[in-house]
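As stored in coords26.pdb (PDB, C-alpha atoms):
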```
ATOM      1  CA  MET A   7       5.464   4.496 -22.786  1.00  0.00           C
ATOM      2  CA  THR A   8       4.039   7.912 -23.569  1.00  0.00           C
ATOM      3  CA  ASP A   9       4.908  11.118 -21.726  1.00  0.00           C
ATOM      4  CA  TYR A  10       2.181  10.531 -19.181  1.00  0.00           C
ATOM      5  CA  ASN A  11       2.694  12.063 -15.774  1.00  0.00           C
ATOM      6  CA  PRO A  12       0.477  10.115 -13.339  1.00  0.00           C
ATOM      7  CA  PRO A  13      -0.845  11.951 -10.287  1.00  0.00           C
ATOM      8  CA  HIS A  14       0.725  11.258  -6.931  1.00  0.00           C
ATOM      9  CA  HIS A  15      -2.664  11.296  -5.266  1.00  0.00           C
ATOM     10  CA  ARG A  16      -6.311  11.344  -6.156  1.00  0.00           C
ATOM     11  CA  ASP A  17      -7.898  14.733  -5.500  1.00  0.00           C
ATOM     12  CA  GLU A  18     -11.403  13.328  -5.519  1.00  0.00           C
ATOM     13  CA  ASN A  19     -10.885  10.072  -3.550  1.00  0.00           C
ATOM     14  CA  ASN A  20     -12.158   8.081  -6.483  1.00  0.00           C
ATOM     15  CA  TRP A  21     -10.188   4.853  -6.313  1.00  0.00           C
ATOM     16  CA  GLU A  22     -12.272   1.922  -7.482  1.00  0.00           C
ATOM     17  CA  ILE A  23     -12.926  -1.090  -5.245  1.00  0.00           C
ATOM     18  CA  ILE A  24     -10.087  -3.599  -5.213  1.00  0.00           C
ATOM     19  CA  PRO A  25     -11.029  -6.201  -7.867  1.00  0.00           C
ATOM     20  CA  HIS A  26     -11.210  -9.942  -7.227  1.00  0.00           C
ATOM     21  CA  THR A  27      -8.031 -10.455  -9.274  1.00  0.00           C
ATOM     22  CA  GLU A  28      -6.163  -8.302  -6.754  1.00  0.00           C
ATOM     23  CA  VAL A  29      -7.638 -10.220  -3.807  1.00  0.00           C
ATOM     24  CA  GLU A  30      -6.310 -13.360  -5.494  1.00  0.00           C
ATOM     25  CA  ARG A  31      -2.848 -11.803  -5.980  1.00  0.00           C
ATOM     26  CA  LEU A  32      -2.767 -10.602  -2.358  1.00  0.00           C
ATOM     27  CA  GLN A  33      -3.704 -14.025  -0.971  1.00  0.00           C
ATOM     28  CA  LYS A  34      -0.854 -15.560  -2.990  1.00  0.00           C
ATOM     29  CA  THR A  35       1.688 -13.082  -1.660  1.00  0.00           C
ATOM     30  CA  LEU A  36       0.242 -13.510   1.842  1.00  0.00           C
ATOM     31  CA  TYR A  37       1.160 -17.198   1.643  1.00  0.00           C
ATOM     32  CA  ASN A  38       4.901 -16.379   1.607  1.00  0.00           C
ATOM     33  CA  HIS A  39       4.620 -14.018   4.577  1.00  0.00           C
ATOM     34  CA  LEU A  40       2.680 -16.587   6.603  1.00  0.00           C
ATOM     35  CA  ARG A  41       5.098 -19.371   5.683  1.00  0.00           C
ATOM     36  CA  LYS A  42       7.984 -17.331   7.122  1.00  0.00           C
ATOM     37  CA  MET A  43       5.920 -16.945  10.323  1.00  0.00           C
ATOM     38  CA  SER A  44       5.154 -20.694  10.390  1.00  0.00           C
ATOM     39  CA  VAL A  45       1.428 -19.913  10.082  1.00  0.00           C
ATOM     40  CA  LYS A  46      -0.578 -22.359   8.001  1.00  0.00           C
ATOM     41  CA  LYS A  47      -3.699 -21.081   6.268  1.00  0.00           C
ATOM     42  CA  ASN A  48      -5.381 -22.603   3.256  1.00  0.00           C
ATOM     43  CA  LYS A  49      -6.365 -20.538   0.227  1.00  0.00           C
ATOM     44  CA  THR A  50      -9.919 -19.943   1.461  1.00  0.00           C
ATOM     45  CA  GLU A  51      -8.630 -18.727   4.841  1.00  0.00           C
ATOM     46  CA  ARG A  52      -6.088 -16.446   3.144  1.00  0.00           C
ATOM     47  CA  ILE A  53      -8.764 -14.942   0.886  1.00  0.00           C
ATOM     48  CA  GLN A  54     -10.936 -14.343   3.945  1.00  0.00           C
ATOM     49  CA  PHE A  55      -8.022 -12.669   5.740  1.00  0.00           C
ATOM     50  CA  VAL A  56      -7.383 -10.395   2.738  1.00  0.00           C
ATOM     51  CA  LYS A  57     -11.074  -9.437   2.565  1.00  0.00           C
ATOM     52  CA  GLU A  58     -11.193  -8.737   6.310  1.00  0.00           C
ATOM     53  CA  MET A  59      -8.043  -6.602   6.065  1.00  0.00           C
ATOM     54  CA  LEU A  60      -9.486  -4.634   3.145  1.00  0.00           C
ATOM     55  CA  LYS A  61     -12.713  -4.052   5.085  1.00  0.00           C
ATOM     56  CA  LYS A  62     -10.796  -2.985   8.204  1.00  0.00           C
ATOM     57  CA  GLN A  63      -8.699  -0.557   6.138  1.00  0.00           C
ATOM     58  CA  ASN A  64     -11.641   0.852   4.154  1.00  0.00           C
ATOM     59  CA  ASN A  65     -10.411  -0.849   0.970  1.00  0.00           C
ATOM     60  CA  THR A  66      -7.246   1.250   0.857  1.00  0.00           C
ATOM     61  CA  CYS A  67      -3.709   1.673   2.202  1.00  0.00           C
ATOM     62  CA  ALA A  68      -3.254   1.417   5.982  1.00  0.00           C
ATOM     63  CA  PHE A  69      -1.763   4.930   5.979  1.00  0.00           C
ATOM     64  CA  GLY A  70      -4.730   6.347   4.063  1.00  0.00           C
ATOM     65  CA  GLN A  71      -7.701   4.472   5.475  1.00  0.00           C
ATOM     66  CA  ASN A  72      -9.355   7.509   7.077  1.00  0.00           C
ATOM     67  CA  VAL A  73      -9.135   9.620   3.893  1.00  0.00           C
ATOM     68  CA  CYS A  74      -9.962   6.921   1.304  1.00  0.00           C
ATOM     69  CA  GLY A  75      -6.336   6.701   0.199  1.00  0.00           C
ATOM     70  CA  LYS A  76      -6.394  10.312  -0.992  1.00  0.00           C
ATOM     71  CA  TRP A  77      -2.701  10.946  -0.381  1.00  0.00           C
ATOM     72  CA  CYS A  78      -1.477   7.407  -0.936  1.00  0.00           C
ATOM     73  CA  TRP A  79       0.882   7.017  -3.822  1.00  0.00           C
ATOM     74  CA  ASN A  80       0.884   4.030  -6.063  1.00  0.00           C
ATOM     75  CA  GLU A  81       4.331   3.183  -7.324  1.00  0.00           C
ATOM     76  CA  PRO A  82       4.155   4.375 -10.959  1.00  0.00           C
ATOM     77  CA  LYS A  83       5.671   1.151 -12.301  1.00  0.00           C
ATOM     78  CA  ASP A  84       3.081  -0.866 -10.362  1.00  0.00           C
ATOM     79  CA  ASN A  85       0.122   1.363 -11.134  1.00  0.00           C
ATOM     80  CA  PHE A  86       0.018   0.533 -14.825  1.00  0.00           C
ATOM     81  CA  THR A  87      -1.135  -2.508 -16.705  1.00  0.00           C
ATOM     82  CA  LYS A  88      -0.388  -3.483 -20.287  1.00  0.00           C
ATOM     83  CA  MET A  89      -3.183  -2.741 -22.696  1.00  0.00           C
ATOM     84  CA  LYS A  90      -4.448  -5.372 -25.090  1.00  0.00           C
ATOM     85  CA  ASN A  91      -4.100  -2.883 -27.941  1.00  0.00           C
ATOM     86  CA  LYS A  92      -0.455  -1.823 -27.816  1.00  0.00           C
ATOM     87  CA  ASN A  93      -1.100   0.720 -30.583  1.00  0.00           C
ATOM     88  CA  LEU A  94      -2.817   2.911 -27.980  1.00  0.00           C
ATOM     89  CA  GLY A  95       0.379   3.559 -26.024  1.00  0.00           C
ATOM     90  CA  GLY A  96       0.851   0.179 -24.396  1.00  0.00           C
ATOM     91  CA  TYR A  97      -0.149   1.048 -20.846  1.00  0.00           C
ATOM     92  CA  ILE A  98      -3.162   2.314 -18.941  1.00  0.00           C
ATOM     93  CA  GLU A  99      -3.305   3.601 -15.390  1.00  0.00           C
ATOM     94  CA  LEU A 100      -5.041   1.314 -12.915  1.00  0.00           C
ATOM     95  CA  GLU A 101      -8.216   2.763 -11.412  1.00  0.00           C
ATOM     96  CA  TYR A 102      -7.685   1.034  -8.067  1.00  0.00           C
ATOM     97  CA  LEU A 103      -4.959   1.440  -5.491  1.00  0.00           C
ATOM     98  CA  LYS A 104      -2.596  -1.494  -5.880  1.00  0.00           C
ATOM     99  CA  LEU A 105      -1.589  -2.727  -2.431  1.00  0.00           C
ATOM    100  CA  GLN A 106       1.132  -4.897  -0.961  1.00  0.00           C
ATOM    101  CA  TRP A 107       1.773  -6.432   2.434  1.00  0.00           C
ATOM    102  CA  GLY A 108       3.472  -4.225   4.981  1.00  0.00           C
ATOM    103  CA  HIS A 109       4.779  -5.184   8.382  1.00  0.00           C
ATOM    104  CA  ILE A 110       3.841  -3.200  11.474  1.00  0.00           C
ATOM    105  CA  LYS A 111       6.947  -4.624  13.130  1.00  0.00           C
ATOM    106  CA  PRO A 112       9.783  -4.317  10.610  1.00  0.00           C
ATOM    107  CA  ARG A 113      11.120  -7.718   9.538  1.00  0.00           C
ATOM    108  CA  CYS A 114      14.709  -6.470   9.646  1.00  0.00           C
ATOM    109  CA  ARG A 115      14.423  -6.182  13.438  1.00  0.00           C
ATOM    110  CA  LYS A 116      14.236  -9.986  13.676  1.00  0.00           C
ATOM    111  CA  GLU A 117      11.374  -9.765  16.181  1.00  0.00           C
ATOM    112  CA  SER A 118       8.616 -12.339  16.348  1.00  0.00           C
ATOM    113  CA  GLN A 119       5.905 -11.729  13.756  1.00  0.00           C
ATOM    114  CA  SER A 120       2.267 -12.760  13.594  1.00  0.00           C
ATOM    115  CA  MET A 121      -0.572 -12.329  11.118  1.00  0.00           C
ATOM    116  CA  HIS A 122      -1.721  -9.359  13.184  1.00  0.00           C
ATOM    117  CA  ASP A 123       1.547  -7.571  12.406  1.00  0.00           C
ATOM    118  CA  LEU A 124       0.570  -7.339   8.736  1.00  0.00           C
ATOM    119  CA  CYS A 125      -1.283  -4.548   6.980  1.00  0.00           C
ATOM    120  CA  LEU A 126      -1.905  -3.535   3.368  1.00  0.00           C
ATOM    121  CA  GLN A 127      -0.044  -0.505   2.060  1.00  0.00           C
ATOM    122  CA  CYS A 128       0.503   1.130  -1.293  1.00  0.00           C
ATOM    123  CA  ALA A 129       4.063   0.673  -2.562  1.00  0.00           C
ATOM    124  CA  ARG A 130       5.279   4.155  -1.724  1.00  0.00           C
ATOM    125  CA  CYS A 131       3.843   4.210   1.792  1.00  0.00           C
ATOM    126  CA  ASN A 132       5.431   0.827   2.409  1.00  0.00           C
ATOM    127  CA  ASN A 133       8.809   1.942   1.084  1.00  0.00           C
ATOM    128  CA  LEU A 134       8.960   5.615   2.063  1.00  0.00           C
ATOM    129  CA  ILE A 135       7.040   5.936   5.307  1.00  0.00           C
ATOM    130  CA  GLN A 136       7.629   2.825   7.333  1.00  0.00           C
ATOM    131  CA  THR A 137      10.992   1.460   6.173  1.00  0.00           C
ATOM    132  CA  SER A 138      12.764  -0.194   9.104  1.00  0.00           C
ATOM    133  CA  ARG A 139      11.241   1.828  11.926  1.00  0.00           C
ATOM    134  CA  HIS A 140       8.639   0.911  14.487  1.00  0.00           C
ATOM    135  CA  LEU A 141       5.438   2.917  14.154  1.00  0.00           C
ATOM    136  CA  LYS A 142       6.053   4.598  17.531  1.00  0.00           C
ATOM    137  CA  GLN A 143       9.352   5.915  16.149  1.00  0.00           C
ATOM    138  CA  LEU A 144       7.588   7.461  13.164  1.00  0.00           C
ATOM    139  CA  VAL A 145       5.372   9.824  15.164  1.00  0.00           C
ATOM    140  CA  PRO A 146       8.076  12.254  16.394  1.00  0.00           C
ATOM    141  CA  GLU A 147       9.954  11.980  13.093  1.00  0.00           C
ATOM    142  CA  LEU A 148       6.917  12.845  10.970  1.00  0.00           C
ATOM    143  CA  GLU A 149       5.770  15.581  13.365  1.00  0.00           C
ATOM    144  CA  SER A 150       9.230  17.128  13.093  1.00  0.00           C
ATOM    145  CA  LYS A 151       9.114  16.979   9.303  1.00  0.00           C
ATOM    146  CA  ILE A 152       5.661  18.600   9.257  1.00  0.00           C
ATOM    147  CA  LEU A 153       6.954  21.420  11.475  1.00  0.00           C
ATOM    148  CA  HIS A 154       9.907  21.979   9.137  1.00  0.00           C
ATOM    149  CA  ILE A 155       7.681  21.926   6.058  1.00  0.00           C
ATOM    150  CA  LYS A 156       5.435  24.577   7.633  1.00  0.00           C
ATOM    151  CA  GLN A 157       8.496  26.691   8.455  1.00  0.00           C
ATOM    152  CA  MET A 158       9.723  26.405   4.876  1.00  0.00           C
ATOM    153  CA  LEU A 159       6.326  27.440   3.541  1.00  0.00           C
ATOM    154  CA  ASN A 160       6.355  30.528   5.805  1.00  0.00           C
ATOM    155  CA  VAL A 161       9.714  31.557   4.316  1.00  0.00           C
ATOM    156  CA  LEU A 162       8.318  31.520   0.767  1.00  0.00           C
TER     157      LEU A 162
END
```
Please lay out the structure from this file as structure tokens.
Amino acid sequence: MTDYNPPHHRDENNWEIIPHTEVERLQKTLYNHLRKMSVKKNKTERIQFVKEMLKKQNNTCAFGQNVCGKWCWNEPKDNFTKMKNKNLGGYIELEYLKLQWGHIKPRCRKESQSMHDLCLQCARCNNLIQTSRHLKQLVPELESKILHIKQMLNVL
């Protein structure tokens, strides 16, 4: 791979619409989540659920839906696709925000889960923001971090 340094966010909110191939991939990965919840949905129902979730979230990450995913971070390893012409560097950056299923109630808590506990998140939001905490636990934690960041900026 070349020395390409992908941006951690899009300054101009210009992510492309999630392509049909991604809807297909998301419905396949949804199947495994639903199976663990003992929820049976056929492929058509799963595709419909994915499309409804994308519409609800403004076609972006759950943690970026009100700002068009502006500060959502694709995982660099997931945000590239192999090029057909490997002589051109081998990889190109995806123009859409690649999403994955996130759980509003963390699975590690062993609480009951339903389809309504799922959301779509970019890889970094899923891994770095939510982790194993409940959303209500995140509010004071993130507010505290924002306060400390502002204090650090005032020192500079």
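Distances to Pro112 in chain A were evaluated for A:Lys142, A:Lys62, A:Arg130, A:Arg52 using all atoms listed in the file, and the minimum falls at A:Lys142.
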Nearest to Val29 in chain A, restricted to all atoms listed in the file and choosing among A:Met59, A:Leu100, A:Cys128, A:Leu141, comes out as A:Met59
Compute the distance from (5.1, -2.3, 5.3) to each atom, counting all atoms listed in the file, keep the residues with any atom at most 6 Å away, and return them as an mmCIF file with C-alpha atoms, keeping the file's coordinate frame; use the coordinates of the file.
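File produced: out_16.cif:
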```cif
data_model
loop_
_atom_site.group_PDB
_atom_site.id
_atom_site.type_symbol
_atom_site.label_atom_id
_atom_site.label_comp_id
_atom_site.auth_asym_id
_atom_site.auth_seq_id
_atom_site.Cartn_x
_atom_site.Cartn_y
_atom_site.Cartn_z
ATOM 1 C CA GLY A 108 3.472 -4.225 4.981
ATOM 2 C CA HIS A 109 4.779 -5.184 8.382
ATOM 3 C CA ASN A 132 5.431 0.827 2.409
#
```
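With all atoms listed in the file as the atoms that count, the residue of A:Lys104, A:Lys42, A:His26, A:Lys34 with the shortest distance to Cys78 in chain A is A:Lys104.
Take the candidates A:Ile110, A:Met121, A:Cys131, A:Leu126 and check each one against Gln143 in chain A using only C-alpha atoms; the shortest distance goes to A:Ile110.
Proximity to Phe55 in chain A was assessed for A:Lys151, A:Arg41, A:His140, A:His122 counting all atoms listed in the file; the smallest distance is recorded for A:His122.
CA of Gln127 in chain A to CA of Gly70 in chain A spans 8.5 Å [interatomic distance, one decimal].
Counting from CA of Glu58 in chain A, the distance to CA of Ala129 in chain A is 20.0 Å.
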Check which residues satisfy the PyMOL selection byres ((chain A and resi 35) around 12) in the file shown, then give them as a tab-separated table (two decimals) with C-alpha atoms, keeping the file's coordinate frame.
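What landed in selection.tsv:
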```
chain	number	residue	atom	x	y	z
A	28	GLU	CA	-6.16	-8.30	-6.75
A	29	VAL	CA	-7.64	-10.22	-3.81
A	30	GLU	CA	-6.31	-13.36	-5.49
A	31	ARG	CA	-2.85	-11.80	-5.98
A	32	LEU	CA	-2.77	-10.60	-2.36
A	33	GLN	CA	-3.70	-14.02	-0.97
A	34	LYS	CA	-0.85	-15.56	-2.99
A	36	LEU	CA	0.24	-13.51	1.84
A	37	TYR	CA	1.16	-17.20	1.64
A	38	ASN	CA	4.90	-16.38	1.61
A	39	HIS	CA	4.62	-14.02	4.58
A	40	LEU	CA	2.68	-16.59	6.60
A	41	ARG	CA	5.10	-19.37	5.68
A	42	LYS	CA	7.98	-17.33	7.12
A	49	LYS	CA	-6.36	-20.54	0.23
A	52	ARG	CA	-6.09	-16.45	3.14
A	53	ILE	CA	-8.76	-14.94	0.89
A	56	VAL	CA	-7.38	-10.40	2.74
A	105	LEU	CA	-1.59	-2.73	-2.43
A	106	GLN	CA	1.13	-4.90	-0.96
A	107	TRP	CA	1.77	-6.43	2.43
A	108	GLY	CA	3.47	-4.22	4.98
A	124	LEU	CA	0.57	-7.34	8.74
A	126	LEU	CA	-1.90	-3.54	3.37
```
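You will find CA of Val73 in chain A at 28.4 Å from CA of Glu51 in chain A.
Distances to Thr66 in chain A were evaluated for A:Glu117, A:Glu147, A:Asp123, A:Glu22 using only C-alpha atoms, and the minimum falls at A:Glu22.
The environment of Val145 in chain A within 12 Å, counting all atoms listed in the file and disregarding residues fewer than 6 places along the same chain, consists of Ile135, Gln136, Arg139, Lys151 and Ile152 of chain A.
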